[in-house]
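A.B. asks: So that we are looking at the same thing, I have put the structure below in structure tokens.
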Amino acid sequence: MPSLSHLRQRKFLTQKQLAKHLDVPLQVVSSWERGIFEPRLRDLQRICATLEISIDDIDFPDTPALLGIMREYEELKKGDTRFLSSVRGRTAGQ
């Protein structure tokens with residue numbers, strides 16, 4: 001699976017251009033590409049829209065937090081009512 005850097009370059013975008021389009025600092029894009037930080041789900045969605053890819057097309061370092069976000073995203077896509085209920089319950093208590 002291609003990295004964010006590879007997908008960005010395939011669209012002939014610099015880190016600076018991608019950062020500007022996503023409205024994030026250049027250092028954030030650089031940190032994502034180096035695996036220092038991972039994008040939030042909202043940022044992942046914007047990255048995918050900008051690069052015209054699916055979330056399944058991008059490879060980030062397999063960190064536990066990111067894997068959890070991706071699992072939640074996949075469950076949301078399926079429309080699993082039990083999962084949606086548990087998410088609603090967790091967010092309602094916050």
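Just remember, in the structure tokens the first chain shown is A, the second B, etc., residues are 1-based per chain, and ligands are 1-based in the order shown.
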Can you pull out every residue within 6 Å of region 32-46 of chain A, counting only C-alpha atoms, but drop anything in the same chain fewer than 2 positions away, and send it as a compact mmCIF listing (two decimals) with C-alpha atoms, in the first residue's frame?
C.D. replies:
```
# COMPACT_ATOMS: atom_id res chain seq x y z
CA LEU A 4 1.00 9.41 2.11
CA SER A 5 4.20 10.81 0.64
CA VAL A 29 1.92 17.02 6.98
CA SER A 30 5.62 16.34 7.47
CA CYS A 48 -8.56 11.16 0.85
CA ALA A 49 -10.83 13.72 -0.82
CA PRO A 61 2.39 3.41 10.33
```
A.B. asks: Between A:Asp59, A:Glu75, A:Ser31, A:Ser54, which is the closest to Ala19 (chain A) once you count only C-alpha atoms?
C.D. replies: A:Ser31
A.B. asks: For the atom pair CA of Leu7 (chain A) and CA of Ile58 (chain A), what is the interatomic distance in Å to one decimal place?
C.D. replies: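 Computing the Euclidean distance for CA of Leu7 (chain A) and CA of Ile58 (chain A) yields 7.7 Å.
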A.B. asks: Mind giving me the straight-line distance from CA of His6 (chain A) to CA of Asp56 (chain A) in Å, one decimal?
C.D. replies: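 One can read the CA of His6 (chain A) to CA of Asp56 (chain A) distance as 14.6 Å.
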A.B. asks: Just the residues within 10 Å of His21 (chain A), please, counting only C-alpha atoms, with nothing from its chain fewer than 5 positions along; format it as a PDB file with C-alpha atoms, in the first residue's frame.
C.D. replies:
```
ATOM      1  CA  GLN A  15       3.957  19.045   1.381  1.00  0.00           C
ATOM      2  CA  LYS A  16       3.369  22.784   1.525  1.00  0.00           C
ATOM      3  CA  ARG A  46      -9.921  15.451   3.846  1.00  0.00           C
ATOM      4  CA  ILE A  47      -6.647  13.834   2.749  1.00  0.00           C
ATOM      5  CA  THR A  50      -7.863  15.896  -1.800  1.00  0.00           C
TER       6      THR A  50
END
```
A.B. asks: To one decimal in Å, tell me the separation between CA of Asp23 (chain A) and CA of Pro2 (chain A).
C.D. replies: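 We find that CA of Asp23 (chain A) and CA of Pro2 (chain A) lie 22.9 Å from each other.
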